[in-house]
Structure formats: structure tokens, C-alpha cells
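Participant: Structure below; questions to follow.
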Amino acid sequence: MELSPLADAFIRHFGEMGSRWGINRTVGQIYALLYVSGRPLPADEIAEALGFSRSNVSMGLKELQSWRLVRLQHLPGDRREHFSTPEDIWQIVRILAEERRRREIDPTLSVLRDLLLMKPGNEDERAIQGRLQEMHDLIELLTRWSEDVQRLETQQLTQLLRLGGGIIRLLDLKNSLPLLGSKRRPPRRAPAAREADEEDLAEDFSEDRSEAEP
């Protein structure tokens, strides 16, 4: 299997970026090859295309399977195992977000909860717990938001992302509505205050009538 210059450039770059995302170069290049290949590939073709040993390819595929980023397939008339990536790019994004939460966020939340349940021994530890509570609440808020987003249909998620800065403008408008309402309508008075005002008006009206009579 011979790679085109375009595919080769993408695969090499993806391998370099993989180390920055927490995966090694080999795993990154295997995934990039499967993504651009357009068809399921067996391990021997992957090894040949990338110049890797079969053992490195096997380990890389197992790592990608643990992340649920590649699927194992058997093709008719071929006894070899073939591998492919999900066709929907949004499904790939969802899988990555879910796996990173499970591997990185959930353990951190668990540790924070345990530390917050501990009885502080002094004021310093009480202050530390206060900072940990802030971190816990923020991570939990982001996690709940991420779970809500994960449940959106692809079309809804696309529309949400395309809003961009429109969301900020919408929030600004929402926050300004109570202020605009307060300018249009005077504050409501208490019943006792309204009754006093009505009595004053009645007295003024009676005085005006008595002055007007001959």
C-alpha cells in the first residue's frame, strides 16, 4: 500500500500531534491512516504502509480499541482482521470526550470528594478545602454541561456551535431585560402605601371642590 503525498503529510503531522495529546506517535499515525484510507485495513497493510513492525501495529490497535476509536471487522472471503474508524466525525468527537472524562475527569472528582469529606484539622486545612470545593464545583458544572451536549443530536450540536458569539449576545440581552423592564414600569407599592396615597388624593379632591363652591 503506497501513500499519496497528501495522506503521508497528514499522517506524519497527526503522529507528531499525538504525543501532545497523550498518545504516542505510532498510535497517532495508525489512527490517521485508518481515518483517511476510506476502507478497513488489516494489520499487515498498516505495518507496510507506515513502515512499522507488526508487534507495534498490534499494540497500537489494541490501544485504539481501548479508546473505542477503531472497530474490528471481518470481510467476506478474507480471514484477516480488518480495522476502521467510525465514519461520523461527530461520533469520534463524542467518543473522545467521553473517554477523556472517564479516564481523567472522573478520577479527579472522586479524589476531590474524598478530600472534602475529611474533617479539617486546622484553619489552614479548612481554607484548603474551600479552594478544593471551588475546583470541585467548577469541574462538576463543566461535566454536567458536557453530558448535556453529548445528548444532543448532531444537527442540534452543529447549530449550537455555529451560534458562536451569538450565545454571548443572547446572554447579554437576557441579563439586560430585567433592567429594561424596571425602566418601563415603576416599582410596585405596598398595599398600605397605595391606600395612603388614595386617601391623600381624596382629601385633595374634596378641598378643591370646597374652594370652587360659592
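A note on labels: chains of the C-alpha cells are A, B, ... as shown, every chain counts residues from 1, and ligands are counted from 1 in their shown order.
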Pick out each residue of region 5-185 of chain A that DSSP on the backbone tags as strand (DSSP E); I need them as a ChimeraX atom specification.
Facilitator: /A:41-42,71-74,81-84
Participant: What lies within 9 Å of region 85-92 of chain A using only C-alpha atoms, ignoring chain neighbours under 5 positions off, as a PyMOL selection string?
Facilitator: chain A and resi 31+34-35+40+68-71+97+154
Participant: Now that the selection is made, can you save its residues with N, CA and C atoms as a compact mmCIF listing (two decimals), in the first residue's frame?
Facilitator:
```
# COMPACT_ATOMS: atom_id res chain seq x y z
N TYR A 31 -3.98 5.62 13.63
CA TYR A 31 -5.33 6.16 13.57
C TYR A 31 -5.51 7.06 12.35
N LEU A 34 -5.98 4.95 9.20
CA LEU A 34 -7.32 4.35 9.12
C LEU A 34 -8.37 5.40 8.78
N TYR A 35 -8.18 6.62 9.29
CA TYR A 35 -9.16 7.68 9.06
C TYR A 35 -9.21 8.10 7.60
N PRO A 40 -11.64 -0.47 5.43
CA PRO A 40 -11.00 -1.19 6.53
C PRO A 40 -9.66 -1.78 6.08
N ARG A 68 -12.03 2.93 22.01
CA ARG A 68 -13.21 2.75 21.16
C ARG A 68 -13.15 3.62 19.90
N LEU A 69 -11.92 3.87 19.43
CA LEU A 69 -11.73 4.71 18.26
C LEU A 69 -11.56 3.91 16.97
N VAL A 70 -11.39 2.59 17.06
CA VAL A 70 -11.35 1.74 15.88
C VAL A 70 -12.28 0.55 16.08
N ARG A 71 -12.80 0.06 14.97
CA ARG A 71 -13.71 -1.08 15.01
C ARG A 71 -13.08 -2.27 14.30
N ALA A 97 -14.48 12.70 23.88
CA ALA A 97 -14.89 13.47 25.05
C ALA A 97 -15.30 12.55 26.19
N THR A 154 -26.75 15.37 16.28
CA THR A 154 -25.66 16.01 15.53
C THR A 154 -26.08 17.36 14.95
```
Participant: With distances taken over only C-alpha atoms, which residue among A:Trp145, A:Trp21, A:Phe83, A:Phe10 lies nearest Leu61 (chain A)?
Facilitator: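 Closest to Leu61 (chain A), using only C-alpha atoms: A:Phe83.
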Participant: Pick out the residues sitting within 7 Å of Leu72 (chain A), and hand them over as number ranges by chain; count only C-alpha atoms, and ignore anything fewer than 6 positions along from it in its own chain.
Facilitator: A: 81-84
Participant: Kindly assemble as CSV a list of the region 56-118 of chain A residues that lie within 8 Å of region 133-143 of chain A, each paired with its nearest atom pair and their distance in Å to one decimal, using only C-alpha atoms, sorted first by chain and then by ascending residue number.
Facilitator:
```
residue,atom,partner,partner_atom,distance
A:Arg101,CA,A:Thr143,CA,7.9
A:Ile105,CA,A:Ile139,CA,7.8
A:Leu109,CA,A:His136,CA,6.4
A:Leu112,CA,A:His136,CA,6.3
A:Arg113,CA,A:His136,CA,7.6
A:Leu116,CA,A:Gln133,CA,7.0
```
Participant: Between CA of Ser37 (chain A) and CA of Leu3 (chain A), what distance in Å does the model show, to one decimal?
Facilitator: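 Separating CA of Ser37 (chain A) from CA of Leu3 (chain A) is a distance of 9.3 Å.
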Participant: Any idea what's packed within 8 Å of region 46-53 of chain A, counting only C-alpha atoms, ignoring anything in its chain fewer than 2 positions away? Could you give it as a list of chain:residue names?
Facilitator: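 Residues meeting the cut-off are A:Met1, A:Glu2, A:Leu3, A:Gln29, A:Ile30, A:Leu33, A:Leu41, A:Pro42, A:Ala43, A:Asp44, A:Ser55, A:Asn56, A:Val57.
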Participant: How about saving the chosen residues, all heavy atoms kept, as a short mmCIF file (atom, residue, chain, number, x, y, z; two decimals), in the first residue's frame?
Facilitator:
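Below you can see again_15.cif, which holds the result:
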```
data_model
loop_
_atom_site.label_atom_id
_atom_site.label_comp_id
_atom_site.auth_asym_id
_atom_site.auth_seq_id
_atom_site.Cartn_x
_atom_site.Cartn_y
_atom_site.Cartn_z
N MET A 1 0.86 -1.21 0.00
CA MET A 1 0.00 0.00 0.00
C MET A 1 0.88 1.24 0.00
O MET A 1 1.69 1.45 0.90
CB MET A 1 -0.91 0.01 1.22
CG MET A 1 -1.81 1.22 1.32
SD MET A 1 -2.85 1.19 2.79
CE MET A 1 -3.75 2.72 2.58
N GLU A 2 0.74 2.07 -1.03
CA GLU A 2 1.56 3.27 -1.16
C GLU A 2 0.73 4.50 -0.81
O GLU A 2 -0.39 4.67 -1.31
CB GLU A 2 2.11 3.39 -2.58
CG GLU A 2 3.06 4.56 -2.76
CD GLU A 2 3.66 4.60 -4.15
OE1 GLU A 2 3.45 3.63 -4.90
OE2 GLU A 2 4.33 5.60 -4.47
N LEU A 3 1.29 5.34 0.03
CA LEU A 3 0.58 6.54 0.47
C LEU A 3 0.80 7.68 -0.50
O LEU A 3 1.90 7.88 -1.02
CB LEU A 3 1.05 6.96 1.86
CG LEU A 3 0.83 5.97 3.01
CD1 LEU A 3 1.45 6.50 4.29
CD2 LEU A 3 -0.65 5.70 3.20
N GLN A 29 -0.30 7.78 14.21
CA GLN A 29 -0.19 7.53 12.78
C GLN A 29 -1.09 6.40 12.32
O GLN A 29 -1.66 6.45 11.22
CB GLN A 29 1.27 7.24 12.41
CG GLN A 29 2.18 8.45 12.52
CD GLN A 29 3.53 8.21 11.89
OE1 GLN A 29 3.79 7.15 11.33
NE2 GLN A 29 4.41 9.19 11.98
N ILE A 30 -1.23 5.37 13.15
CA ILE A 30 -2.15 4.27 12.79
C ILE A 30 -3.57 4.80 12.66
O ILE A 30 -4.29 4.48 11.69
CB ILE A 30 -2.08 3.15 13.84
CG1 ILE A 30 -0.72 2.45 13.79
CG2 ILE A 30 -3.20 2.13 13.63
CD1 ILE A 30 -0.50 1.44 14.91
N LEU A 33 -3.98 6.93 9.50
CA LEU A 33 -4.05 6.10 8.29
C LEU A 33 -5.43 5.50 8.12
O LEU A 33 -6.00 5.52 7.02
CB LEU A 33 -2.99 5.00 8.36
CG LEU A 33 -3.05 3.95 7.24
CD1 LEU A 33 -2.77 4.59 5.89
CD2 LEU A 33 -2.05 2.81 7.52
N LEU A 41 -8.68 -1.75 6.99
CA LEU A 41 -7.33 -2.24 6.67
C LEU A 41 -6.93 -3.34 7.64
O LEU A 41 -7.21 -3.25 8.84
CB LEU A 41 -6.32 -1.10 6.74
CG LEU A 41 -6.48 0.07 5.76
CD1 LEU A 41 -5.41 1.12 6.04
CD2 LEU A 41 -6.39 -0.43 4.32
N PRO A 42 -6.23 -4.37 7.14
CA PRO A 42 -5.67 -5.39 8.03
C PRO A 42 -4.34 -4.90 8.62
O PRO A 42 -3.73 -3.95 8.11
CB PRO A 42 -5.47 -6.59 7.11
CG PRO A 42 -5.21 -5.96 5.77
CD PRO A 42 -6.04 -4.70 5.72
N ALA A 43 -3.90 -5.56 9.66
CA ALA A 43 -2.69 -5.12 10.36
C ALA A 43 -1.46 -5.16 9.46
O ALA A 43 -0.58 -4.29 9.56
CB ALA A 43 -2.47 -6.00 11.60
N ASP A 44 -1.37 -6.16 8.56
CA ASP A 44 -0.18 -6.25 7.72
C ASP A 44 -0.09 -5.08 6.74
O ASP A 44 1.02 -4.57 6.47
CB ASP A 44 -0.12 -7.59 7.00
CG ASP A 44 -1.36 -7.85 6.16
OD1 ASP A 44 -2.38 -7.18 6.38
OD2 ASP A 44 -1.30 -8.74 5.29
N SER A 55 4.32 -6.08 15.56
CA SER A 55 4.06 -6.01 17.01
C SER A 55 3.66 -4.61 17.43
O SER A 55 2.75 -4.42 18.25
CB SER A 55 5.30 -6.47 17.79
OG SER A 55 6.42 -5.63 17.49
N ASN A 56 4.33 -3.57 16.85
CA ASN A 56 3.97 -2.20 17.18
C ASN A 56 2.56 -1.86 16.68
O ASN A 56 1.80 -1.16 17.37
CB ASN A 56 4.97 -1.22 16.57
CG ASN A 56 6.27 -1.17 17.34
OD1 ASN A 56 6.34 -1.58 18.49
ND2 ASN A 56 7.32 -0.66 16.71
N VAL A 57 2.22 -2.36 15.50
CA VAL A 57 0.89 -2.13 14.97
C VAL A 57 -0.16 -2.82 15.84
O VAL A 57 -1.21 -2.24 16.15
CB VAL A 57 0.78 -2.63 13.51
CG1 VAL A 57 -0.67 -2.61 13.04
CG2 VAL A 57 1.65 -1.77 12.60
#
```
Participant: Would you mind writing down, as an NGL selection string, each residue of chain A that DSSP on the backbone assigns to helix (DSSP H, G or I)?
Facilitator: :A and (5-20 or 25-37 or 43-50 or 54-66 or 89-117 or 123-150 or 154-163 or 166-184 or 191-212)
Participant: So the first atom is CA of Val36 (chain A) and the second is CA of Glu99 (chain A); what is the distance between them in Å, to one decimal place?
Facilitator: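 Between CA of Val36 (chain A) and CA of Glu99 (chain A) the gap is 22.3 Å.
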